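Written below as structure tokens is the structure these notes are about.
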Amino acid sequence: MRRIALFLTLGLFSILSFGQVIEPMRITHGPWLQNLTPHSVTVMFTTSSAAVPGVRLPLQAGAEPTLIRNSTDGMIHAGGTLHRVVINGLKPGKVYRYRAEAAEILKFRPYQVYYGDTVRTKELEFRTPVPGSESVNFLVVNDIHTNGAKLGNHLRQSGAANQDLVFFNGDMIDVFEKEEQWLGPIIDTSVRYFASKIPFVMIRGNHETRGILSRNLKDYLHFPEDRYYFAFDQGPVHFVVLDCGEDKPDDNRHYYGLADYDRYRLEQVEWLKQHINTDTYRKAHYRVFLIHMPVHPGDGAWHGMNFLYEHFAPVIRDAEPDLMISGHTHRHTLLNPKLSGLNCPLLINSNDNRVEVQVDRNQMDIKVLTGSNELILEEVLKPRK
Ligand SMILES: [Fe+2]
């Protein structure tokens with residue numbers, strides 16, 4: 001009897017041990033696209049264990065897929081579970097079929113690397129944009145506050161995969177303390193509806209600055225110059241993305257001496273002053289600015305919004321944008337150029353609505369829709385030039 005009990009115990013132990021050892025590596029989140037340009041794209045994904053990431057796609061029409069891996073300082077990126085693969089050398093206006101893949105690393109010692117299985121996603125595709133193309137369609141959602149169901153509803157109703165771009169205009173999460181707060185409701189939901197095919201542009205809100213992982217948020221994204229504020233062209237639109245910072249003064253007790261946003265915002269003002277004098281900016285057909293907190297001293301303004309209005313508004317008035325889009329106040333508001341004080345319309349999108357914009361060279365058609373797909377605003381803007 002004791003022998004049988006010992007046998008069963010050992011058997012159970014072996015199954016459990018065996019089960020742990022052979023659990024295969026999986027791609028756990030993604031892939032999601034970032035920074036899609038006419039000549040490059042960034043593919044991001046995570047794996048359940050350490051791996052060497054890559055993306056396989058044909059760089060020439062009809063060619064065999066090439067495995068793209070990135071390296072820094074002579075070392076192929078390897079050993080992590082959050083992966084970013086930058087692909088250069090693409091051609092504008094082409095559809096690329098790709099698979100993300102990862103080779104599992106079982107042992108990573110100085111003279112001994114053991115590989116496990118290689119896993120791949122199904123075949124996916126993206127299309128590179130064409131510089132100076134006649135049109136662009138984009139979607140804006142904001143203040144989702146970690147509610148993946150709410151985000152999914154907007155993405156489904158808007159047909160997000162048929163947009164050219166999706167902007168997440170801040171406060172997509174409440175706080176960032178655990179990876180799952182970002183990867184579950186935001187990344188998984190985005191991947192389900194669009195993000196393996198078209199990129200999203202993350203605009204940081206004040207809530208994304210809260211929690212220990214807020215300092216790592218950029219690891220899950222990829223920006224043109226590794227900054228949260230930047231500009232880029234798509235279709236006839238020149239987009240300017242700004243980073244609002246926190247809403248309360250830097251010395252507020254809730255920040256425990258760890259906030260330095262006023263200095264950071266002034267750094268952006270200097271960048272913006274230079275940027276609006278570039279040829280790219282001045283010759284743009286339309287200019288659309290996006291920032292999470294409105295540059296406006298009105299509804300719900302605390303220190304952050306007042307600071308933005310004091311320092312950014314004079315530069316924005318000179319910049320003469322066609323449109324500015326914000327969120328943060330959780331209230332739908334459209335201010336005309338006079339009431340905004342910005343010399344351009346200011347659309348503040350609520351936490352329950354989304355903004356869908358179709359742009360061609362003749363006009364910008366702006367729609368605001370509720371979560372139940374009710375159209376609450378339709379506005380047509382002509383280029384101001
Ligand atoms: Fe906010």
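Chain labels follow the order of the structure tokens: the first chain is A, the next B, and so on; residue numbering restarts at 1 in every chain, and ligands are counted from 1 in their shown order.
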
Legend entry - Close residues, range 234-237 of chain A itself excluded, 6 Å, only C-alpha atoms, min 5 positions apart in chain, as number ranges by chain: A: 132-136, 285-287

Can you spit out the residues from that selection as a PDB file, in the first residue's frame, using C-alpha atoms?
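What ended up in part.pdb:
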```pdb
ATOM      1  CA  GLY A 132       1.594  64.062 -49.688  1.00  0.00           C
ATOM      2  CA  SER A 133      -1.395  61.803 -50.349  1.00  0.00           C
ATOM      3  CA  GLU A 134      -4.739  63.496 -50.875  1.00  0.00           C
ATOM      4  CA  SER A 135      -6.579  62.250 -47.794  1.00  0.00           C
ATOM      5  CA  VAL A 136      -6.305  60.839 -44.297  1.00  0.00           C
ATOM      6  CA  HIS A 285      -2.061  72.131 -46.005  1.00  0.00           C
ATOM      7  CA  TYR A 286      -3.702  71.611 -42.582  1.00  0.00           C
ATOM      8  CA  ARG A 287      -2.211  71.713 -39.090  1.00  0.00           C
TER       9      ARG A 287
END
```

Using only C-alpha atoms and all ligand atoms, I'd like a table of the residues in chain A that come within 8 Å of ligand 1; for each, show the closest atom pair and its distance in Å rounded to one decimal, ordered by chain and ascending number, as a tab-separated table.
```
residue	atom	partner	partner_atom_place_in_ligand_line	distance
A:Asp143	CA	ligand 1	1 (Fe)	6.6
A:Gly170	CA	ligand 1	1 (Fe)	6.6
A:Asp171	CA	ligand 1	1 (Fe)	5.4
A:Gly205	CA	ligand 1	1 (Fe)	5.4
A:Asn206	CA	ligand 1	1 (Fe)	5.0
A:His207	CA	ligand 1	1 (Fe)	6.0
A:Asp247	CA	ligand 1	1 (Fe)	7.6
A:His292	CA	ligand 1	1 (Fe)	6.5
A:Met293	CA	ligand 1	1 (Fe)	6.1
A:Gly327	CA	ligand 1	1 (Fe)	6.9
A:His328	CA	ligand 1	1 (Fe)	3.7
A:Thr329	CA	ligand 1	1 (Fe)	6.8
```

Legend entry - Top pick for closest residue to Leu36 in chain A, considering A:Arg354, A:His311, A:Lys94, A:Arg127 and counting only C-alpha atoms: A:Arg127

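Of note, CA of Pro294 in chain A and CA of Leu308 in chain A are spaced 8.0 Å apart.
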
Inset, instruction - Find the residues around Arg26 in chain A up to 7 Å (only C-alpha atoms counted), leave out those fewer than 3 positions away in its own chain, and share them as a ChimeraX atom specification. - result: /A:47-48,119

With N, CA and C atoms retained, write the just-selected residues as a compact mmCIF listing (two decimals), in the first residue's frame.
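Output contents, as saved in result29.txt:
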```
# COMPACT_ATOMS: atom_id res chain seq x y z
N THR A 47 6.30 38.26 -25.05
CA THR A 47 6.30 36.80 -24.97
C THR A 47 6.26 36.37 -23.51
N SER A 48 5.86 35.11 -23.31
CA SER A 48 5.71 34.62 -21.93
C SER A 48 7.05 34.28 -21.30
N VAL A 119 8.26 30.69 -32.04
CA VAL A 119 6.81 30.87 -32.24
C VAL A 119 6.59 32.05 -33.17
```

Legend entry - Nearest to Leu183 in chain A by atom-to-atom distance, counting only C-alpha atoms, from A:Met44, A:Met305, A:Val141, A:Ala61: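 Among A:Met44, A:Met305, A:Val141, A:Ala61, it is A:Met44 that comes nearest to Leu183 in chain A.
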
Legend entry - Length of the CA of Leu334 in chain A to CA of Ile186 in chain A vector [Å]: 26.8 Å

Inset, instruction - Would you list the contacts of Pro321 in chain A as a ChimeraX atom specification, taking every protein, DNA or RNA residue within 6 Å and counting only C-alpha atoms, but skipping same-chain residues closer than 2 positions in sequence? - result: /A:287,319,323,344

Saved selection, atoms kept: C-alpha atoms, as a PDB file, in the first residue's frame:
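Saved as part25.pdb:
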```pdb
ATOM      1  CA  ARG A 287      -2.211  71.713 -39.090  1.00  0.00           C
ATOM      2  CA  ALA A 319       1.095  79.054 -35.289  1.00  0.00           C
ATOM      3  CA  LEU A 323      -7.840  72.585 -35.251  1.00  0.00           C
ATOM      4  CA  CYS A 344      -8.321  78.104 -33.939  1.00  0.00           C
TER       5      CYS A 344
END
```

Inset, instruction - Pick out the residues sitting within 10 Å of Glu246 in chain A, and hand them over as an NGL selection string; count only C-alpha atoms, and ignore anything fewer than 5 positions along from it in its own chain. - result: :A and (204-210 or 255 or 259-262 or 293 or 302-305)

Legend entry - Among the residues A:Gly211, A:Glu320, A:Glu310, A:Tyr114, the one that comes closest to His254 in chain A [using only C-alpha atoms]: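 Answer, going by the shortest atom-to-atom distance: A:Gly211.
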
If we count only C-alpha atoms, what is near range 215-223 of chain A at a cut-off of 10 Å, once residues fewer than 4 positions away on the same chain are taken out, given as a compact mmCIF listing (two decimals) with N, CA and C atoms, in the first residue's frame?
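Okay, this is what ended up in result_37.txt:
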```txt
# COMPACT_ATOMS: atom_id res chain seq x y z
N TRP A 32 1.52 45.00 -31.90
CA TRP A 32 0.93 46.31 -32.16
C TRP A 32 1.96 47.18 -32.86
N LEU A 33 1.46 47.97 -33.82
CA LEU A 33 2.34 48.80 -34.65
C LEU A 33 2.52 50.19 -34.06
N GLN A 34 3.70 50.71 -34.25
CA GLN A 34 4.01 52.07 -33.84
C GLN A 34 4.78 52.75 -34.96
N ASN A 35 4.68 54.07 -34.99
CA ASN A 35 5.58 54.88 -35.82
C ASN A 35 5.64 54.40 -37.27
N LEU A 36 4.49 54.20 -37.87
CA LEU A 36 4.43 53.76 -39.27
C LEU A 36 4.70 54.98 -40.17
N VAL A 41 8.51 50.98 -39.99
CA VAL A 41 7.45 50.68 -39.01
C VAL A 41 8.11 50.01 -37.82
N THR A 42 7.45 50.10 -36.68
CA THR A 42 7.93 49.40 -35.49
C THR A 42 6.86 48.40 -35.07
N VAL A 43 7.28 47.15 -34.90
CA VAL A 43 6.36 46.08 -34.50
C VAL A 43 6.69 45.71 -33.05
N MET A 44 5.68 45.73 -32.19
CA MET A 44 5.91 45.44 -30.76
C MET A 44 5.05 44.26 -30.32
N PHE A 45 5.59 43.46 -29.44
CA PHE A 45 4.82 42.35 -28.86
C PHE A 45 5.52 41.86 -27.60
N THR A 46 4.83 41.01 -26.87
CA THR A 46 5.44 40.43 -25.66
C THR A 46 5.38 38.91 -25.77
N LEU A 82 9.49 41.94 -23.49
CA LEU A 82 8.82 43.03 -24.21
C LEU A 82 9.68 43.35 -25.42
N HIS A 83 9.12 43.24 -26.61
CA HIS A 83 9.94 43.28 -27.82
C HIS A 83 9.54 44.42 -28.76
N ARG A 84 10.56 45.03 -29.33
CA ARG A 84 10.35 46.12 -30.29
C ARG A 84 11.26 45.84 -31.48
N VAL A 86 12.23 47.30 -35.17
CA VAL A 86 12.11 48.41 -36.12
C VAL A 86 12.49 47.90 -37.50
N PHE A 176 -0.32 53.54 -13.62
CA PHE A 176 0.47 52.46 -14.22
C PHE A 176 1.36 51.83 -13.14
N GLU A 179 1.91 45.90 -15.24
CA GLU A 179 1.95 45.82 -16.69
C GLU A 179 0.57 45.51 -17.28
N TRP A 182 -1.98 48.14 -18.57
CA TRP A 182 -1.78 48.70 -19.91
C TRP A 182 -2.00 47.64 -20.97
N LEU A 183 -1.40 46.46 -20.75
CA LEU A 183 -1.43 45.43 -21.79
C LEU A 183 -2.82 44.81 -21.98
N ILE A 187 -3.80 47.49 -24.85
CA ILE A 187 -3.12 46.82 -25.96
C ILE A 187 -3.96 45.68 -26.52
N PHE A 200 -1.34 53.06 -33.54
CA PHE A 200 -1.93 54.11 -32.70
C PHE A 200 -0.83 55.06 -32.27
N VAL A 201 -1.25 56.30 -32.03
CA VAL A 201 -0.33 57.31 -31.52
C VAL A 201 -0.77 57.60 -30.09
N MET A 202 0.09 57.32 -29.14
CA MET A 202 -0.25 57.55 -27.74
C MET A 202 0.17 58.95 -27.33
N ARG A 204 0.32 61.31 -24.13
CA ARG A 204 0.28 61.07 -22.69
C ARG A 204 -0.69 62.01 -21.99
N GLU A 208 -1.38 58.98 -17.04
CA GLU A 208 -0.29 58.08 -17.45
C GLU A 208 1.03 58.41 -16.74
N THR A 209 1.05 59.52 -16.00
CA THR A 209 2.29 59.88 -15.28
C THR A 209 2.29 59.30 -13.86
N ARG A 210 1.23 58.56 -13.50
CA ARG A 210 1.08 58.13 -12.10
C ARG A 210 1.36 56.64 -11.93
N GLY A 211 2.14 56.32 -10.92
CA GLY A 211 2.46 54.92 -10.65
C GLY A 211 3.88 54.59 -11.07
N ARG A 227 10.45 61.03 -27.97
CA ARG A 227 9.86 62.06 -27.09
C ARG A 227 8.35 61.96 -27.17
N TYR A 228 7.69 62.39 -26.09
CA TYR A 228 6.22 62.41 -26.08
C TYR A 228 5.66 63.60 -26.84
N TYR A 229 6.50 64.54 -27.26
CA TYR A 229 6.01 65.64 -28.09
C TYR A 229 6.79 65.62 -29.40
N PHE A 230 6.07 65.75 -30.49
CA PHE A 230 6.68 65.57 -31.81
C PHE A 230 5.69 66.01 -32.88
N ALA A 231 6.10 65.96 -34.12
CA ALA A 231 5.21 66.32 -35.23
C ALA A 231 5.47 65.36 -36.38
```
